[in-house]
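Data first, discussion second: the structure below is written as structure tokens.
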Amino acid sequence: MIPPLVPDAFDPASAAFVADPYPTYGLLRKLGPVAWSPRTGQYVVSRAADVDAVLRDRRFGRSYLQVATHAEMGRPEDAPHLAPFWDVVRDGMLDTEPPDHTRLRRLVAKAFTPRRVEGMRASIDATARQLVDDLVDAGSDGSVVDLKPVVAEPLPVSVIADLLGVPPADRHLLRPWSQDMCRMYELRPTPDDEVRAVQAAEEFAAYLRELAAQRRARPQDDLVTALAEVVDEGERLTEDELVGTCVLLLNAGHEATVGVTVNGIAALLAHPDQLERVRADPALVPTMVEELMRYDTPLQLFSRWALEDADVGGVPVARGSQVALLFGSANRDPERFEDPDRFDVGRSSNPHISFGAGIHYCLGAPLARLELQALFAELVRRVPRLTPAGEPRRGRGYIIRIPETLPVTVA
Ligand code: HEM
């Protein structure tokens, strides 16, 4: 069975598609479980049930190294100048498969416990309060404020820094490293993206090795110490795995959270009735946060490789093929969500896929929810009027969906 071709509008390099991919997703879902994208060389999966099934299907894996070596695949990642980047990333659990993944996830979960997350609540609430103070101050004279640097970026960065134990003086290093590394997760990184990603990976890895050495010498109550102690206890978390895990936590742990915040505020500004509704009833903040994650999905696409001959919804997919799972589309699938294009802060049944499914299900979901609920509760409670001051500007990134700016006035 030959799958249909994706509609021409499915073009991750097109600004129009990136600005609003959702109508194209509607066309894709009508085509069947799988379509073929000649432009990206991938099978494209757009329906919620199929995305969910592939994520849970062990015939598919995250790393193509399970099916072939870099050289056999002729992948650009094989380029020697990119080796330092992949060397750092490879040992984070996200790019491993069982049994390595099982061992790594168990070890990290032992250090990154619910107690540790709950212990961050007070400082997350305090930071959220401080950021909303900053926003109100910055906008008190009627000037236009960009919400992204003032409110959306600082909370996830300070949370991840606290979690890892990065001292305040070094925190300014984290976001540029993460942004530069995340350029490699878009479908077509440019040569400049590659140079910056390699440099960021090397600098961040060196920084973490030094931090881990310091924590071994003088343990503290932070995750780097906990992970280092797991190594010292004779468990098999190597130094490279420790570094790969911390890099993963930095990147996975805050880019998407920034995305939900900026996209979420943009969605609320575009639906003033919903903003008023949650203002009148702040108990809706938790369901609102879930709806923000569904309605404008922060991580639009995750890929898998067929580790053996397999199928998606009955359509054969040969071993070695790459499958693109469209999370943004799954989250607007009418088979899963009632009236999926409606933005509803009180949506009661909301089984969105934004945190993934199966063995790689987001380890940081409880922390992300804690952060987002704290920040949005504070915003809703304290900022009486938030008015858009121009269109949010989109960059060229498709997979990580974060507008570059979100200008508003505050009153
Ligand atoms: C994995 C989404 C925040 C840590 C994932 C995956 C998704 C995801 C979709 C699975 C990827 C795949 O299956 O290929 C998100 C979203 C977030 C968020 C939307 C924010 C709104 C966080 C935070 C942390 C975190 C705050 C930790 C501090 C991780 C880790 C994994 C992961 C460690 C890998 C799990 C594994 O491979 O077993 N995340 N994440 N994430 N996330 Fe998150």
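Ligands are numbered from 1 in the order shown, residues from 1 within each chain, and chains are lettered A, B, ... in the order they appear in the structure tokens.
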
Item checked: Spatial neighbours of region 237-248 of chain A, max dist 8 Å, only C-alpha atoms, sep filter under 4 positions, as a PyMOL selection string -> chain A and resi 88-94+104+107-108+164+204-205+208-209+224+227-228+230-231+252-253

Taking 5 positions as the minimum chain separation for residues in the same chain, which residues sit within 12 Å of Thr113 (chain A) when counting only C-alpha atoms? Answer as a PDB file with C-alpha atoms, in the first residue's frame.
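Dumped to around-v3.pdb:
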```
ATOM      1  CA  ARG A 105      15.533   6.628  33.529  1.00  0.00           C
ATOM      2  CA  ARG A 106      15.436   4.627  36.763  1.00  0.00           C
ATOM      3  CA  LEU A 107      18.639   6.271  38.014  1.00  0.00           C
ATOM      4  CA  VAL A 108      17.555   9.779  37.089  1.00  0.00           C
ATOM      5  CA  GLU A 118       7.492  19.568  45.580  1.00  0.00           C
ATOM      6  CA  GLY A 119      10.383  21.169  47.461  1.00  0.00           C
ATOM      7  CA  MET A 120      10.680  23.715  44.655  1.00  0.00           C
ATOM      8  CA  LEU A 163      17.314  22.059  40.172  1.00  0.00           C
ATOM      9  CA  ASP A 222      20.933  19.631  44.236  1.00  0.00           C
ATOM     10  CA  LEU A 223      20.418  17.304  41.315  1.00  0.00           C
ATOM     11  CA  ALA A 226      22.333  13.498  43.552  1.00  0.00           C
ATOM     12  CA  LEU A 227      23.325  12.247  40.102  1.00  0.00           C
ATOM     13  CA  LEU A 363       9.937  12.967  33.155  1.00  0.00           C
ATOM     14  CA  GLY A 364       9.508  16.653  33.966  1.00  0.00           C
ATOM     15  CA  PRO A 366       4.914  17.505  37.151  1.00  0.00           C
ATOM     16  CA  LEU A 367       7.579  20.238  37.346  1.00  0.00           C
TER      17      LEU A 367
END
```

Next item on the list: Could you report the residues within 7 Å of ligand 1, using only C-alpha atoms and all ligand atoms, as a PyMOL selection string?
Entry: chain A and resi 55+62+93-95+101+105+160+248-250+252-254+256-257+260+293+298-299+302-303+354-357+359-365+367-368

Note to self: Among region 206-401 of chain A, which ones does DSSP assign to helix (DSSP H, G or I) (computed from the backbone)? Answer as JSON, numbers by chain.
What the structure shows: {"A": [206, 207, 208, 209, 210, 211, 212, 213, 214, 215, 216, 217, 223, 224, 225, 226, 227, 228, 229, 230, 231, 232, 239, 240, 241, 242, 243, 244, 245, 246, 247, 248, 249, 250, 251, 252, 253, 254, 255, 256, 257, 258, 259, 260, 261, 262, 263, 264, 265, 266, 267, 268, 269, 270, 272, 273, 274, 275, 276, 277, 278, 279, 280, 282, 283, 284, 285, 286, 287, 288, 289, 290, 291, 292, 293, 294, 295, 327, 328, 329, 330, 358, 359, 360, 365, 366, 367, 368, 369, 370, 371, 372, 373, 374, 375, 376, 377, 378, 379, 380, 381, 382]}

Margin query: With distances taken over only C-alpha atoms, which residue among A:Ala200, A:Val195, A:Leu147, A:Val323 lies nearest Thr40 (chain A)?
Written below: A:Val323

Next item on the list: Excluding Gly142 (chain A) and any residue of its chain fewer than 3 positions from it, enumerate the residues within 10 Å of it, using only C-alpha atoms, and give them as an MDAnalysis selection string.
Entry: chainID A and resid 136:139 145 408:411

How would the residues just chosen look if you wrote them out with C-alpha atoms as a short mmCIF file (atom, residue, chain, number, x, y, z; two decimals), in the first residue's frame?
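Written file, again09.cif:
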```cif
data_model
loop_
_atom_site.label_atom_id
_atom_site.label_comp_id
_atom_site.auth_asym_id
_atom_site.auth_seq_id
_atom_site.Cartn_x
_atom_site.Cartn_y
_atom_site.Cartn_z
CA VAL A 136 3.79 45.53 36.13
CA ASP A 137 6.74 47.88 36.81
CA ALA A 138 7.98 47.76 33.23
CA GLY A 139 4.51 48.54 31.86
CA VAL A 145 6.72 45.32 27.08
CA VAL A 408 1.90 43.90 25.09
CA THR A 409 0.83 46.82 27.18
CA VAL A 410 -0.12 46.32 30.81
CA ALA A 411 -2.56 48.31 32.84
#
```

Report as JSON lines: every residue of region 295-358 of chain A with an atom at most 12 Å from region 13-21 of chain A, its closest pair of atoms, and their distance in Å to one decimal, counting only C-alpha atoms, with rows sorted by chain and ascending residue number.
```
{"residue": "A:Tyr295", "atom": "CA", "partner": "A:Asp20", "partner_atom": "CA", "distance": 11.8}
{"residue": "A:Asp296", "atom": "CA", "partner": "A:Asp20", "partner_atom": "CA", "distance": 9.7}
{"residue": "A:Thr297", "atom": "CA", "partner": "A:Pro21", "partner_atom": "CA", "distance": 10.7}
{"residue": "A:Gln300", "atom": "CA", "partner": "A:Pro21", "partner_atom": "CA", "distance": 9.5}
{"residue": "A:Leu301", "atom": "CA", "partner": "A:Pro21", "partner_atom": "CA", "distance": 11.5}
{"residue": "A:Leu326", "atom": "CA", "partner": "A:Pro21", "partner_atom": "CA", "distance": 10.3}
{"residue": "A:Phe327", "atom": "CA", "partner": "A:Pro21", "partner_atom": "CA", "distance": 11.4}
{"residue": "A:Gly328", "atom": "CA", "partner": "A:Pro21", "partner_atom": "CA", "distance": 8.2}
{"residue": "A:Ser329", "atom": "CA", "partner": "A:Pro21", "partner_atom": "CA", "distance": 8.4}
{"residue": "A:Arg332", "atom": "CA", "partner": "A:Pro21", "partner_atom": "CA", "distance": 11.0}
```

Selected residues written out with N, CA and C atoms, as a JSON list (two decimals), in the first residue's frame:
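Result file follows (result_7.json):
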```
[["chain", "number", "residue", "atom", "x", "y", "z"],
["A", 295, "TYR", "N", -3.79, 23.47, 22.79],
["A", 295, "TYR", "CA", -4.29, 24.34, 21.72],
["A", 295, "TYR", "C", -3.15, 24.81, 20.80],
["A", 296, "ASP", "N", -2.03, 25.18, 21.40],
["A", 296, "ASP", "CA", -0.90, 25.60, 20.56],
["A", 296, "ASP", "C", 0.34, 24.85, 21.07],
["A", 297, "THR", "N", 0.53, 23.66, 20.56],
["A", 297, "THR", "CA", 1.46, 22.67, 21.09],
["A", 297, "THR", "C", 2.92, 23.17, 20.99],
["A", 300, "GLN", "N", 6.13, 20.58, 18.24],
["A", 300, "GLN", "CA", 5.17, 20.19, 17.20],
["A", 300, "GLN", "C", 5.42, 18.82, 16.62],
["A", 301, "LEU", "N", 6.67, 18.37, 16.61],
["A", 301, "LEU", "CA", 6.97, 17.13, 15.87],
["A", 301, "LEU", "C", 8.05, 16.34, 16.59],
["A", 326, "LEU", "N", 3.17, 14.16, 14.30],
["A", 326, "LEU", "CA", 2.75, 15.56, 14.42],
["A", 326, "LEU", "C", 1.91, 15.75, 15.69],
["A", 327, "PHE", "N", 2.59, 16.15, 16.79],
["A", 327, "PHE", "CA", 1.89, 16.34, 18.06],
["A", 327, "PHE", "C", 0.84, 17.45, 17.94],
["A", 328, "GLY", "N", 1.20, 18.51, 17.21],
["A", 328, "GLY", "CA", 0.27, 19.64, 17.07],
["A", 328, "GLY", "C", -1.00, 19.22, 16.39],
["A", 329, "SER", "N", -0.89, 18.28, 15.45],
["A", 329, "SER", "CA", -2.06, 17.79, 14.74],
["A", 329, "SER", "C", -2.87, 16.84, 15.63],
["A", 332, "ARG", "N", -5.28, 18.41, 17.82],
["A", 332, "ARG", "CA", -6.48, 19.04, 17.23],
["A", 332, "ARG", "C", -7.33, 17.99, 16.50]]
```
